[in-house]
Amino acid sequence: MEGETVDPSGTLDEDTRLFFEQSPLPQAFTDFDGNFTEVNRTLTQLLGHDRDWFPGREVFSVMHPLDDPTLRGELDRLRNGDTDTISVEVIAVHSEGRSLQLLVDAALIREPDGTPRHIALVAHDLTALRSAEERLAGQERLYRALSNRAADAALVTDSDQLMIFASPKLTEMLGHTPANVLGTAVTELVHPEERSAVQRVIATATEEANGTDRCVARMHVAGDGWCWVEMTVINSLGDPDIGGLVVNLRDINAGREAEQALRESVARYRTIVETAQEGIAAIDASGNVGLVNDRLTDILGMSLDELHTSARARALIEHARQTVKGDAVVREQVSYDHPDGSQRTLSVSCSALPNGTSTGVLMMVSDITAAHMLQEKLQHQALHDQLTGLPNRYLFEDRLEMAAARQGRQKGGSTAVMYLDLDRFKPVNDTYGHAVGDQLLTEVGRRLVRVVRTSDTVARLGGDEFAIICEGLDEDGARQVAARIQSEVFTDLGHDGKSFEVNASIGIAMFPPHEPARALSLADTAMYQAKRFGGGEVIMFGTDDQPL
């Protein structure tokens, strides 16, 4: 029941139980067989199930089928005594069906005498951390934040204008240490005559996200006196990297040397660039590469010298230059021929980089090959039959709609829809087992693809049922294809020297005159009529919904 805790060990003290319930990390206990005995509130929120749903269910009930073997193998190591702790990345499934990428840490809890008692689990949500696009967006936010703090001194206040961050430059400029000003209102440092002007600037900046406004004001110098500063307020309350109002202060009393400010700015950016997880390059208006970090050379698989001379690197740089239009940030995925011979998928983010009177390009590159391949694999598995590799029902219905759209743009012509069901397939499974039956289904799928045209679609709809879309065929042509299937596909079917007397009942319907979905339904009906006649027959529905 919600709010009640079943103590899996029976020995947790009150403080430990309170920590378990209030922990921000998703946690659970399982018995030695891997069945949930207790979960905390954070885990129920992460997976979207009520607490009553978990007790007695296996851990694998919330895992993606692809990751079930991985987690099961690791838990077996834990139960076999090979290790007392494991850490494994898995894909879990939310109650609403979406995938969650998790890092699961598990520990074997033992009795004082060493007897295994239960298993403790802690999950860490890696979904956002594994998104290459999110990492690029985070990098851009960080650059914007650092740019906003690039003045002589920087303050960050919360929504109540209380200072929560002060850069070391504040001490150099005004003599106040960060420890002395944190928690106080920023306006307390402003001369009383300029406080109303500063309040108006703050109000204007907070009217919209990323809003900016500035003014000139006097600020108090520690000890005595005032210093005239140019104050710029940037609304970064909605920026997760900052979460406050950024107040940049420029000392217009001292008139510091621009060269010193430039050196400091370059040093800061160089540190950031060299520690970034993305490859970064600054390209001037003539296409020359200036600032480059080591990560970019790692991603592109070449030295810094090669980066300036390599044709493939120059092609990427020129593409980035041509992509940028105006002030917009452009992100896209590009294919890249890596020097090691592999094909990589790169996520490239490009933005304009002003430089005096000219404008260059800031290019940021991430290698998202692994994530791209995983996405393609999951998409393929979602649309294809795992046994035969043929399109499944979802992809077949999509191809049917596409064929209907093409048919609608043509004058005349028709499309045949065939529905096949294998005759005498069940005895093969009963006699030789499902493994042989699966091999037979796979061979039938291969032969069907070989018999029809490359433009036709062959799909396995489930069990021993197949379907075919043949565009540009009339009724006579459809019958000829069906006859060729029966004579060529089901000839000499066998395995390990065994011959199987398997054939197919085939139903056919055309569109037009029928709608595509209606044609598929009629082909299914015709197939069942063919089976009632003893199998191995071909029945076609005509324009009057009657078999021909």
# chains A, B, ... in the order shown; residues from 1 in each chain; ligands from 1
>>> residues_around(residues="A:Ala509", least_positions_apart="3", cutoff="9 Å", atoms="only C-alpha atoms", output="list of chain:residue names")
A:Thr415, A:Ala416, A:Val417, A:Met418, A:Tyr419, A:Glu475, A:His514, A:Arg518, A:Ala519, A:Leu520, A:Ser521, A:Leu522, A:Ala523, A:Asp524, A:Ala526, A:Ile539, A:Met540, A:Phe541, A:Gly542, A:Thr543, A:Asp545
>>> write_last_selection(atoms="N, CA, C and O atoms", output="PDB file, in the first residue's frame")
ATOM      1  N   THR A 415      -3.376  -3.232 -58.755  1.00  0.00           N
ATOM      2  CA  THR A 415      -2.413  -3.851 -57.837  1.00  0.00           C
ATOM      3  C   THR A 415      -3.049  -5.095 -57.220  1.00  0.00           C
ATOM      4  O   THR A 415      -4.226  -5.075 -56.826  1.00  0.00           O
ATOM      5  N   ALA A 416      -2.264  -6.172 -57.145  1.00  0.00           N
ATOM      6  CA  ALA A 416      -2.753  -7.429 -56.564  1.00  0.00           C
ATOM      7  C   ALA A 416      -2.251  -7.558 -55.130  1.00  0.00           C
ATOM      8  O   ALA A 416      -1.091  -7.268 -54.832  1.00  0.00           O
ATOM      9  N   VAL A 417      -3.153  -8.019 -54.255  1.00  0.00           N
ATOM     10  CA  VAL A 417      -2.800  -8.334 -52.872  1.00  0.00           C
ATOM     11  C   VAL A 417      -3.019  -9.829 -52.673  1.00  0.00           C
ATOM     12  O   VAL A 417      -4.122 -10.340 -52.938  1.00  0.00           O
ATOM     13  N   MET A 418      -1.978 -10.553 -52.253  1.00  0.00           N
ATOM     14  CA  MET A 418      -2.064 -12.002 -52.049  1.00  0.00           C
ATOM     15  C   MET A 418      -1.882 -12.337 -50.579  1.00  0.00           C
ATOM     16  O   MET A 418      -1.037 -11.740 -49.899  1.00  0.00           O
ATOM     17  N   TYR A 419      -2.684 -13.290 -50.126  1.00  0.00           N
ATOM     18  CA  TYR A 419      -2.602 -13.770 -48.746  1.00  0.00           C
ATOM     19  C   TYR A 419      -2.313 -15.266 -48.810  1.00  0.00           C
ATOM     20  O   TYR A 419      -3.055 -16.014 -49.432  1.00  0.00           O
ATOM     21  N   GLU A 475      -5.601  -9.209 -63.224  1.00  0.00           N
ATOM     22  CA  GLU A 475      -6.014 -10.466 -62.598  1.00  0.00           C
ATOM     23  C   GLU A 475      -5.273 -11.663 -63.200  1.00  0.00           C
ATOM     24  O   GLU A 475      -4.855 -12.570 -62.459  1.00  0.00           O
ATOM     25  N   HIS A 514     -11.356  -2.516 -55.373  1.00  0.00           N
ATOM     26  CA  HIS A 514     -11.505  -2.453 -53.934  1.00  0.00           C
ATOM     27  C   HIS A 514     -10.544  -1.425 -53.340  1.00  0.00           C
ATOM     28  O   HIS A 514      -9.519  -1.090 -53.933  1.00  0.00           O
ATOM     29  N   ARG A 518      -9.673  -3.136 -47.884  1.00  0.00           N
ATOM     30  CA  ARG A 518     -10.709  -4.103 -48.252  1.00  0.00           C
ATOM     31  C   ARG A 518     -10.103  -5.234 -49.084  1.00  0.00           C
ATOM     32  O   ARG A 518     -10.463  -6.414 -48.912  1.00  0.00           O
ATOM     33  N   ALA A 519      -9.174  -4.898 -49.972  1.00  0.00           N
ATOM     34  CA  ALA A 519      -8.529  -5.927 -50.785  1.00  0.00           C
ATOM     35  C   ALA A 519      -7.775  -6.919 -49.901  1.00  0.00           C
ATOM     36  O   ALA A 519      -7.807  -8.137 -50.131  1.00  0.00           O
ATOM     37  N   LEU A 520      -7.065  -6.420 -48.883  1.00  0.00           N
ATOM     38  CA  LEU A 520      -6.341  -7.302 -47.971  1.00  0.00           C
ATOM     39  C   LEU A 520      -7.305  -8.214 -47.225  1.00  0.00           C
ATOM     40  O   LEU A 520      -7.053  -9.417 -47.071  1.00  0.00           O
ATOM     41  N   SER A 521      -8.439  -7.655 -46.778  1.00  0.00           N
ATOM     42  CA  SER A 521      -9.430  -8.465 -46.059  1.00  0.00           C
ATOM     43  C   SER A 521     -10.023  -9.540 -46.968  1.00  0.00           C
ATOM     44  O   SER A 521     -10.198 -10.694 -46.562  1.00  0.00           O
ATOM     45  N   LEU A 522     -10.312  -9.164 -48.224  1.00  0.00           N
ATOM     46  CA  LEU A 522     -10.879 -10.135 -49.162  1.00  0.00           C
ATOM     47  C   LEU A 522      -9.863 -11.223 -49.506  1.00  0.00           C
ATOM     48  O   LEU A 522     -10.224 -12.404 -49.657  1.00  0.00           O
ATOM     49  N   ALA A 523      -8.590 -10.846 -49.652  1.00  0.00           N
ATOM     50  CA  ALA A 523      -7.561 -11.848 -49.921  1.00  0.00           C
ATOM     51  C   ALA A 523      -7.458 -12.838 -48.769  1.00  0.00           C
ATOM     52  O   ALA A 523      -7.275 -14.042 -48.982  1.00  0.00           O
ATOM     53  N   ASP A 524      -7.590 -12.354 -47.544  1.00  0.00           N
ATOM     54  CA  ASP A 524      -7.585 -13.220 -46.363  1.00  0.00           C
ATOM     55  C   ASP A 524      -8.771 -14.181 -46.412  1.00  0.00           C
ATOM     56  O   ASP A 524      -8.635 -15.393 -46.179  1.00  0.00           O
ATOM     57  N   ALA A 526     -10.449 -15.115 -49.070  1.00  0.00           N
ATOM     58  CA  ALA A 526     -10.254 -16.052 -50.185  1.00  0.00           C
ATOM     59  C   ALA A 526      -9.287 -17.165 -49.800  1.00  0.00           C
ATOM     60  O   ALA A 526      -9.477 -18.337 -50.161  1.00  0.00           O
ATOM     61  N   ILE A 539      -7.709 -18.761 -54.926  1.00  0.00           N
ATOM     62  CA  ILE A 539      -9.039 -18.179 -55.095  1.00  0.00           C
ATOM     63  C   ILE A 539      -8.889 -16.673 -55.164  1.00  0.00           C
ATOM     64  O   ILE A 539      -8.206 -16.067 -54.342  1.00  0.00           O
ATOM     65  N   MET A 540      -9.562 -16.075 -56.162  1.00  0.00           N
ATOM     66  CA  MET A 540      -9.491 -14.624 -56.345  1.00  0.00           C
ATOM     67  C   MET A 540     -10.889 -14.033 -56.192  1.00  0.00           C
ATOM     68  O   MET A 540     -11.871 -14.583 -56.699  1.00  0.00           O
ATOM     69  N   PHE A 541     -10.976 -12.895 -55.486  1.00  0.00           N
ATOM     70  CA  PHE A 541     -12.237 -12.180 -55.376  1.00  0.00           C
ATOM     71  C   PHE A 541     -12.343 -11.173 -56.499  1.00  0.00           C
ATOM     72  O   PHE A 541     -11.410 -10.407 -56.778  1.00  0.00           O
ATOM     73  N   GLY A 542     -13.498 -11.145 -57.134  1.00  0.00           N
ATOM     74  CA  GLY A 542     -13.713 -10.223 -58.227  1.00  0.00           C
ATOM     75  C   GLY A 542     -14.267  -8.897 -57.757  1.00  0.00           C
ATOM     76  O   GLY A 542     -14.333  -8.591 -56.567  1.00  0.00           O
ATOM     77  N   THR A 543     -14.732  -8.101 -58.702  1.00  0.00           N
ATOM     78  CA  THR A 543     -15.223  -6.763 -58.388  1.00  0.00           C
ATOM     79  C   THR A 543     -16.508  -6.801 -57.576  1.00  0.00           C
ATOM     80  O   THR A 543     -16.844  -5.832 -56.885  1.00  0.00           O
ATOM     81  N   ASP A 545     -17.120  -8.720 -55.061  1.00  0.00           N
ATOM     82  CA  ASP A 545     -16.822  -9.357 -53.760  1.00  0.00           C
ATOM     83  C   ASP A 545     -17.176 -10.831 -53.750  1.00  0.00           C
ATOM     84  O   ASP A 545     -17.427 -11.418 -52.692  1.00  0.00           O
TER      85      ASP A 545
END
>>> residues_around(residues="A:Ile109", least_positions_apart="6", cutoff="10 Å", atoms="only C-alpha atoms", output="list in words")
Ser9, Phe29, Phe32, Asp84, Thr85, Thr115, Pro116, Arg117, His118, Ile119 and Ala120 of chain A
>>> write_last_selection(atoms="all heavy atoms", output="mmCIF file, in the first residue's frame")
data_model
loop_
_atom_site.group_PDB
_atom_site.id
_atom_site.type_symbol
_atom_site.label_atom_id
_atom_site.label_comp_id
_atom_site.auth_asym_id
_atom_site.auth_seq_id
_atom_site.Cartn_x
_atom_site.Cartn_y
_atom_site.Cartn_z
ATOM 1 N N SER A 9 14.593 -7.101 4.850
ATOM 2 C CA SER A 9 15.583 -7.784 5.685
ATOM 3 C C SER A 9 15.089 -7.990 7.104
ATOM 4 O O SER A 9 15.576 -8.834 7.849
ATOM 5 C CB SER A 9 16.877 -6.973 5.714
ATOM 6 O OG SER A 9 16.638 -5.736 6.350
ATOM 7 N N PHE A 29 14.679 -3.576 -3.243
ATOM 8 C CA PHE A 29 15.200 -4.834 -2.730
ATOM 9 C C PHE A 29 14.523 -5.959 -3.494
ATOM 10 O O PHE A 29 13.349 -5.874 -3.862
ATOM 11 C CB PHE A 29 14.902 -4.996 -1.233
ATOM 12 C CG PHE A 29 15.723 -4.100 -0.345
ATOM 13 C CD1 PHE A 29 15.177 -2.937 0.167
ATOM 14 C CD2 PHE A 29 17.030 -4.416 -0.029
ATOM 15 C CE1 PHE A 29 15.917 -2.103 0.991
ATOM 16 C CE2 PHE A 29 17.780 -3.597 0.794
ATOM 17 C CZ PHE A 29 17.220 -2.429 1.297
ATOM 18 N N PHE A 32 16.324 -13.511 -3.376
ATOM 19 C CA PHE A 32 17.486 -14.117 -4.011
ATOM 20 C C PHE A 32 17.185 -14.578 -5.429
ATOM 21 O O PHE A 32 18.092 -14.779 -6.231
ATOM 22 C CB PHE A 32 17.972 -15.291 -3.154
ATOM 23 C CG PHE A 32 19.378 -15.736 -3.489
ATOM 24 C CD1 PHE A 32 20.441 -14.840 -3.398
ATOM 25 C CD2 PHE A 32 19.652 -17.024 -3.909
ATOM 26 C CE1 PHE A 32 21.731 -15.219 -3.694
ATOM 27 C CE2 PHE A 32 20.941 -17.404 -4.216
ATOM 28 C CZ PHE A 32 21.982 -16.518 -4.107
ATOM 29 N N ASP A 84 30.154 -9.865 -5.273
ATOM 30 C CA ASP A 84 29.141 -9.342 -4.355
ATOM 31 C C ASP A 84 28.461 -8.096 -4.900
ATOM 32 O O ASP A 84 27.454 -7.651 -4.344
ATOM 33 C CB ASP A 84 29.758 -9.040 -2.983
ATOM 34 C CG ASP A 84 29.914 -10.303 -2.150
ATOM 35 O OD1 ASP A 84 29.449 -11.375 -2.580
ATOM 36 O OD2 ASP A 84 30.487 -10.210 -1.069
ATOM 37 N N THR A 85 29.004 -7.504 -5.953
ATOM 38 C CA THR A 85 28.410 -6.302 -6.548
ATOM 39 C C THR A 85 28.528 -6.383 -8.058
ATOM 40 O O THR A 85 29.467 -6.965 -8.591
ATOM 41 C CB THR A 85 29.115 -5.021 -6.062
ATOM 42 O OG1 THR A 85 30.479 -5.052 -6.448
ATOM 43 C CG2 THR A 85 28.993 -4.859 -4.547
ATOM 44 N N THR A 115 25.409 -16.289 4.694
ATOM 45 C CA THR A 115 24.323 -16.800 3.849
ATOM 46 C C THR A 115 23.665 -15.656 3.077
ATOM 47 O O THR A 115 23.320 -14.632 3.675
ATOM 48 C CB THR A 115 23.251 -17.506 4.709
ATOM 49 O OG1 THR A 115 23.875 -18.543 5.450
ATOM 50 C CG2 THR A 115 22.137 -18.067 3.820
ATOM 51 N N PRO A 116 23.502 -15.769 1.736
ATOM 52 C CA PRO A 116 22.831 -14.704 0.973
ATOM 53 C C PRO A 116 21.421 -14.487 1.498
ATOM 54 O O PRO A 116 20.672 -15.436 1.754
ATOM 55 C CB PRO A 116 22.817 -15.253 -0.462
ATOM 56 C CG PRO A 116 23.942 -16.224 -0.494
ATOM 57 C CD PRO A 116 23.979 -16.848 0.852
ATOM 58 N N ARG A 117 21.069 -13.206 1.674
ATOM 59 C CA ARG A 117 19.760 -12.882 2.215
ATOM 60 C C ARG A 117 18.852 -12.255 1.153
ATOM 61 O O ARG A 117 17.742 -12.692 0.925
ATOM 62 C CB ARG A 117 19.919 -11.916 3.391
ATOM 63 C CG ARG A 117 18.606 -11.589 4.082
ATOM 64 C CD ARG A 117 18.837 -10.861 5.404
ATOM 65 N NE ARG A 117 19.551 -9.615 5.202
ATOM 66 C CZ ARG A 117 20.112 -8.928 6.184
ATOM 67 N NH1 ARG A 117 20.087 -9.424 7.421
ATOM 68 N NH2 ARG A 117 20.731 -7.795 5.938
ATOM 69 N N HIS A 118 19.322 -11.169 0.503
ATOM 70 C CA HIS A 118 18.573 -10.532 -0.572
ATOM 71 C C HIS A 118 19.520 -9.661 -1.382
ATOM 72 O O HIS A 118 20.718 -9.595 -1.104
ATOM 73 C CB HIS A 118 17.388 -9.717 -0.040
ATOM 74 C CG HIS A 118 17.778 -8.627 0.920
ATOM 75 N ND1 HIS A 118 17.779 -8.801 2.290
ATOM 76 C CD2 HIS A 118 18.200 -7.360 0.695
ATOM 77 C CE1 HIS A 118 18.178 -7.679 2.862
ATOM 78 N NE2 HIS A 118 18.441 -6.789 1.925
ATOM 79 N N ILE A 119 18.971 -8.998 -2.377
ATOM 80 C CA ILE A 119 19.757 -8.168 -3.286
ATOM 81 C C ILE A 119 19.241 -6.737 -3.215
ATOM 82 O O ILE A 119 18.029 -6.511 -3.254
ATOM 83 C CB ILE A 119 19.672 -8.694 -4.737
ATOM 84 C CG1 ILE A 119 20.255 -10.114 -4.819
ATOM 85 C CG2 ILE A 119 20.396 -7.770 -5.708
ATOM 86 C CD1 ILE A 119 20.049 -10.768 -6.163
ATOM 87 N N ALA A 120 20.163 -5.783 -3.086
ATOM 88 C CA ALA A 120 19.807 -4.365 -3.080
ATOM 89 C C ALA A 120 20.171 -3.758 -4.429
ATOM 90 O O ALA A 120 21.245 -4.002 -4.967
ATOM 91 C CB ALA A 120 20.551 -3.632 -1.955
#
>>> select_by_dssp(residues="stretch 433-526 of chain A", states="strand (DSSP E)", output="compact mmCIF listing (two decimals) with all heavy atoms, in the first residue's frame")
# COMPACT_ATOMS: atom_id res chain seq x y z
N THR A 457 6.46 -6.50 -52.60
CA THR A 457 6.70 -6.60 -51.15
C THR A 457 6.20 -7.95 -50.65
O THR A 457 5.04 -8.31 -50.87
CB THR A 457 5.97 -5.49 -50.39
OG1 THR A 457 6.52 -4.23 -50.76
CG2 THR A 457 6.12 -5.67 -48.88
N VAL A 458 7.10 -8.70 -49.99
CA VAL A 458 6.75 -9.96 -49.36
C VAL A 458 6.87 -9.77 -47.85
O VAL A 458 7.89 -9.29 -47.36
CB VAL A 458 7.68 -11.11 -49.81
CG1 VAL A 458 7.30 -12.41 -49.10
CG2 VAL A 458 7.59 -11.29 -51.31
N ALA A 459 5.82 -10.12 -47.10
CA ALA A 459 5.83 -9.93 -45.65
C ALA A 459 5.35 -11.19 -44.96
O ALA A 459 4.59 -11.98 -45.52
CB ALA A 459 4.93 -8.75 -45.25
N ARG A 460 5.84 -11.40 -43.75
CA ARG A 460 5.31 -12.45 -42.89
C ARG A 460 4.42 -11.79 -41.86
O ARG A 460 4.86 -10.96 -41.08
CB ARG A 460 6.43 -13.21 -42.19
CG ARG A 460 5.90 -14.37 -41.32
CD ARG A 460 6.99 -14.99 -40.48
NE ARG A 460 6.47 -16.04 -39.62
CZ ARG A 460 6.98 -16.36 -38.44
NH1 ARG A 460 8.06 -15.70 -37.99
NH2 ARG A 460 6.45 -17.30 -37.70
N LEU A 461 3.13 -12.17 -41.87
CA LEU A 461 2.16 -11.53 -40.99
C LEU A 461 2.06 -12.23 -39.65
O LEU A 461 1.45 -11.71 -38.72
CB LEU A 461 0.79 -11.49 -41.66
CG LEU A 461 0.74 -10.79 -43.03
CD1 LEU A 461 -0.69 -10.68 -43.51
CD2 LEU A 461 1.40 -9.43 -42.97
N GLY A 462 2.66 -13.42 -39.52
CA GLY A 462 2.60 -14.14 -38.27
C GLY A 462 2.35 -15.62 -38.53
O GLY A 462 1.69 -16.00 -39.50
N GLU A 465 1.63 -17.50 -42.02
CA GLU A 465 0.91 -16.65 -42.96
C GLU A 465 1.85 -15.61 -43.57
O GLU A 465 2.61 -14.95 -42.86
CB GLU A 465 -0.27 -15.95 -42.28
CG GLU A 465 -1.36 -16.92 -41.83
CD GLU A 465 -2.55 -16.18 -41.23
OE1 GLU A 465 -2.42 -14.96 -40.96
OE2 GLU A 465 -3.60 -16.81 -41.02
N PHE A 466 1.78 -15.47 -44.91
CA PHE A 466 2.57 -14.50 -45.64
C PHE A 466 1.63 -13.66 -46.50
O PHE A 466 0.49 -14.08 -46.79
CB PHE A 466 3.60 -15.18 -46.54
CG PHE A 466 4.65 -15.97 -45.80
CD1 PHE A 466 4.39 -17.27 -45.35
CD2 PHE A 466 5.89 -15.41 -45.55
CE1 PHE A 466 5.35 -18.00 -44.67
CE2 PHE A 466 6.86 -16.14 -44.86
CZ PHE A 466 6.59 -17.42 -44.41
N ALA A 467 2.09 -12.48 -46.89
CA ALA A 467 1.30 -11.62 -47.77
C ALA A 467 2.23 -10.96 -48.78
O ALA A 467 3.41 -10.74 -48.50
CB ALA A 467 0.54 -10.57 -46.98
N ILE A 468 1.69 -10.66 -49.98
CA ILE A 468 2.49 -10.09 -51.06
C ILE A 468 1.71 -8.95 -51.70
O ILE A 468 0.49 -9.06 -51.91
CB ILE A 468 2.83 -11.16 -52.12
CG1 ILE A 468 3.55 -12.36 -51.49
CG2 ILE A 468 3.69 -10.56 -53.23
CD1 ILE A 468 3.80 -13.49 -52.46
N ILE A 469 2.41 -7.86 -52.03
CA ILE A 469 1.85 -6.76 -52.81
C ILE A 469 2.55 -6.75 -54.15
O ILE A 469 3.78 -6.66 -54.23
CB ILE A 469 2.07 -5.40 -52.11
CG1 ILE A 469 1.46 -5.39 -50.72
CG2 ILE A 469 1.48 -4.27 -52.95
CD1 ILE A 469 1.83 -4.16 -49.91
N CYS A 470 1.77 -6.85 -55.23
CA CYS A 470 2.31 -6.84 -56.60
C CYS A 470 1.67 -5.69 -57.36
O CYS A 470 0.49 -5.77 -57.75
CB CYS A 470 2.04 -8.17 -57.31
SG CYS A 470 2.81 -9.61 -56.55
N GLU A 471 2.42 -4.61 -57.55
CA GLU A 471 1.88 -3.46 -58.25
C GLU A 471 1.97 -3.67 -59.76
O GLU A 471 2.89 -4.33 -60.27
CB GLU A 471 2.65 -2.19 -57.85
CG GLU A 471 2.52 -1.84 -56.37
CD GLU A 471 3.25 -0.56 -56.01
OE1 GLU A 471 3.02 0.47 -56.68
OE2 GLU A 471 4.07 -0.62 -55.07
N GLY A 494 12.86 -29.22 -47.91
CA GLY A 494 13.34 -30.28 -47.02
C GLY A 494 14.38 -29.76 -46.06
O GLY A 494 14.81 -28.60 -46.13
N HIS A 495 14.81 -30.67 -45.14
CA HIS A 495 15.82 -30.32 -44.14
C HIS A 495 16.47 -31.61 -43.67
O HIS A 495 15.79 -32.57 -43.28
CB HIS A 495 15.18 -29.58 -42.97
CG HIS A 495 16.16 -29.29 -41.86
ND1 HIS A 495 17.13 -28.34 -41.97
CD2 HIS A 495 16.31 -29.87 -40.63
CE1 HIS A 495 17.84 -28.31 -40.86
NE2 HIS A 495 17.36 -29.23 -40.04
N LYS A 498 15.22 -34.74 -45.14
CA LYS A 498 13.78 -34.99 -44.99
C LYS A 498 13.04 -34.09 -45.99
O LYS A 498 13.39 -32.92 -46.17
CB LYS A 498 13.30 -34.68 -43.57
CG LYS A 498 14.07 -35.42 -42.48
CD LYS A 498 13.55 -35.00 -41.12
CE LYS A 498 14.34 -35.68 -40.01
NZ LYS A 498 15.76 -35.22 -39.99
N SER A 499 12.03 -34.64 -46.61
CA SER A 499 11.22 -33.90 -47.57
C SER A 499 9.87 -33.61 -46.94
O SER A 499 9.25 -34.49 -46.33
CB SER A 499 11.05 -34.71 -48.86
OG SER A 499 10.24 -34.00 -49.78
N ASN A 503 2.46 -27.05 -49.04
CA ASN A 503 2.03 -26.18 -50.12
C ASN A 503 1.37 -24.96 -49.48
O ASN A 503 1.48 -24.77 -48.27
CB ASN A 503 1.07 -26.91 -51.06
CG ASN A 503 1.10 -26.32 -52.46
OD1 ASN A 503 1.34 -25.13 -52.65
ND2 ASN A 503 0.86 -27.14 -53.45
N ALA A 504 0.67 -24.19 -50.28
CA ALA A 504 0.04 -23.00 -49.72
C ALA A 504 -1.33 -22.80 -50.34
O ALA A 504 -1.56 -23.06 -51.52
CB ALA A 504 0.90 -21.76 -49.98
N SER A 505 -2.26 -22.32 -49.52
CA SER A 505 -3.55 -21.82 -49.99
C SER A 505 -3.39 -20.32 -50.19
O SER A 505 -2.89 -19.62 -49.31
CB SER A 505 -4.64 -22.10 -48.97
OG SER A 505 -4.82 -23.50 -48.79
N ILE A 506 -3.80 -19.84 -51.36
CA ILE A 506 -3.55 -18.45 -51.73
C ILE A 506 -4.86 -17.75 -52.06
O ILE A 506 -5.66 -18.25 -52.85
CB ILE A 506 -2.60 -18.34 -52.93
CG1 ILE A 506 -1.29 -19.08 -52.65
CG2 ILE A 506 -2.32 -16.88 -53.29
CD1 ILE A 506 -0.32 -19.11 -53.83
N GLY A 507 -5.07 -16.60 -51.42
CA GLY A 507 -6.22 -15.75 -51.73
C GLY A 507 -5.73 -14.48 -52.39
O GLY A 507 -4.69 -13.93 -52.01
N ILE A 508 -6.47 -13.98 -53.41
CA ILE A 508 -6.07 -12.79 -54.16
C ILE A 508 -7.25 -11.83 -54.25
O ILE A 508 -8.40 -12.24 -54.43
CB ILE A 508 -5.60 -13.15 -55.59
CG1 ILE A 508 -4.51 -14.24 -55.56
CG2 ILE A 508 -5.08 -11.91 -56.31
CD1 ILE A 508 -4.11 -14.73 -56.93
N ALA A 509 -6.94 -10.53 -54.11
CA ALA A 509 -7.92 -9.47 -54.37
C ALA A 509 -7.18 -8.31 -55.01
O ALA A 509 -5.96 -8.16 -54.83
CB ALA A 509 -8.63 -9.04 -53.09
N MET A 510 -7.90 -7.47 -55.74
CA MET A 510 -7.28 -6.41 -56.53
C MET A 510 -7.76 -5.04 -56.03
O MET A 510 -8.87 -4.88 -55.54
CB MET A 510 -7.63 -6.54 -58.02
CG MET A 510 -7.40 -7.92 -58.60
SD MET A 510 -5.66 -8.38 -58.70
CE MET A 510 -5.07 -7.16 -59.88
N PHE A 511 -6.89 -4.05 -56.16
CA PHE A 511 -7.35 -2.67 -56.04
C PHE A 511 -6.69 -1.82 -57.13
O PHE A 511 -5.48 -1.96 -57.36
CB PHE A 511 -7.09 -2.11 -54.64
CG PHE A 511 -5.64 -1.89 -54.29
CD1 PHE A 511 -5.00 -0.69 -54.58
CD2 PHE A 511 -4.92 -2.88 -53.64
CE1 PHE A 511 -3.67 -0.48 -54.22
CE2 PHE A 511 -3.59 -2.67 -53.28
CZ PHE A 511 -2.96 -1.47 -53.58
>>> closest_residue(among="A:Asp76, A:Glu58, A:Asp241, A:Asp125", to="A:Thr42", atoms="only C-alpha atoms")
A:Asp125
>>> select_by_dssp(residues="stretch 376-495 of chain A", states="helix (DSSP H, G or I)", output="NGL selection string")
:A and (376-383 or 393-409 or 426-432 or 434-451 or 475-489)
>>> closest_residue(among="A:Val190, A:Leu75, A:Cys227, A:Ala281", to="A:Arg295", atoms="only C-alpha atoms")
A:Ala281
>>> decode(residues="stretch 474-479 of chain A", atoms="N, CA, C and O atoms", output="compact mmCIF listing (two decimals), in the first residue's frame")
# COMPACT_ATOMS: atom_id res chain seq x y z
N ASP A 474 -2.58 -7.19 -63.57
CA ASP A 474 -4.02 -7.41 -63.69
C ASP A 474 -4.35 -8.79 -63.11
O ASP A 474 -3.48 -9.47 -62.53
N GLU A 475 -5.60 -9.21 -63.22
CA GLU A 475 -6.01 -10.47 -62.60
C GLU A 475 -5.27 -11.66 -63.20
O GLU A 475 -4.86 -12.57 -62.46
N ASP A 476 -5.09 -11.67 -64.51
CA ASP A 476 -4.38 -12.79 -65.12
C ASP A 476 -2.93 -12.84 -64.65
O ASP A 476 -2.38 -13.91 -64.37
N GLY A 477 -2.29 -11.67 -64.58
CA GLY A 477 -0.91 -11.63 -64.10
C GLY A 477 -0.80 -12.11 -62.66
O GLY A 477 0.16 -12.80 -62.29
N ALA A 478 -1.78 -11.74 -61.82
CA ALA A 478 -1.76 -12.16 -60.42
C ALA A 478 -1.89 -13.69 -60.32
O ALA A 478 -1.22 -14.33 -59.50
N ARG A 479 -2.76 -14.27 -61.16
CA ARG A 479 -2.91 -15.74 -61.14
C ARG A 479 -1.61 -16.41 -61.58
O ARG A 479 -1.21 -17.46 -61.05
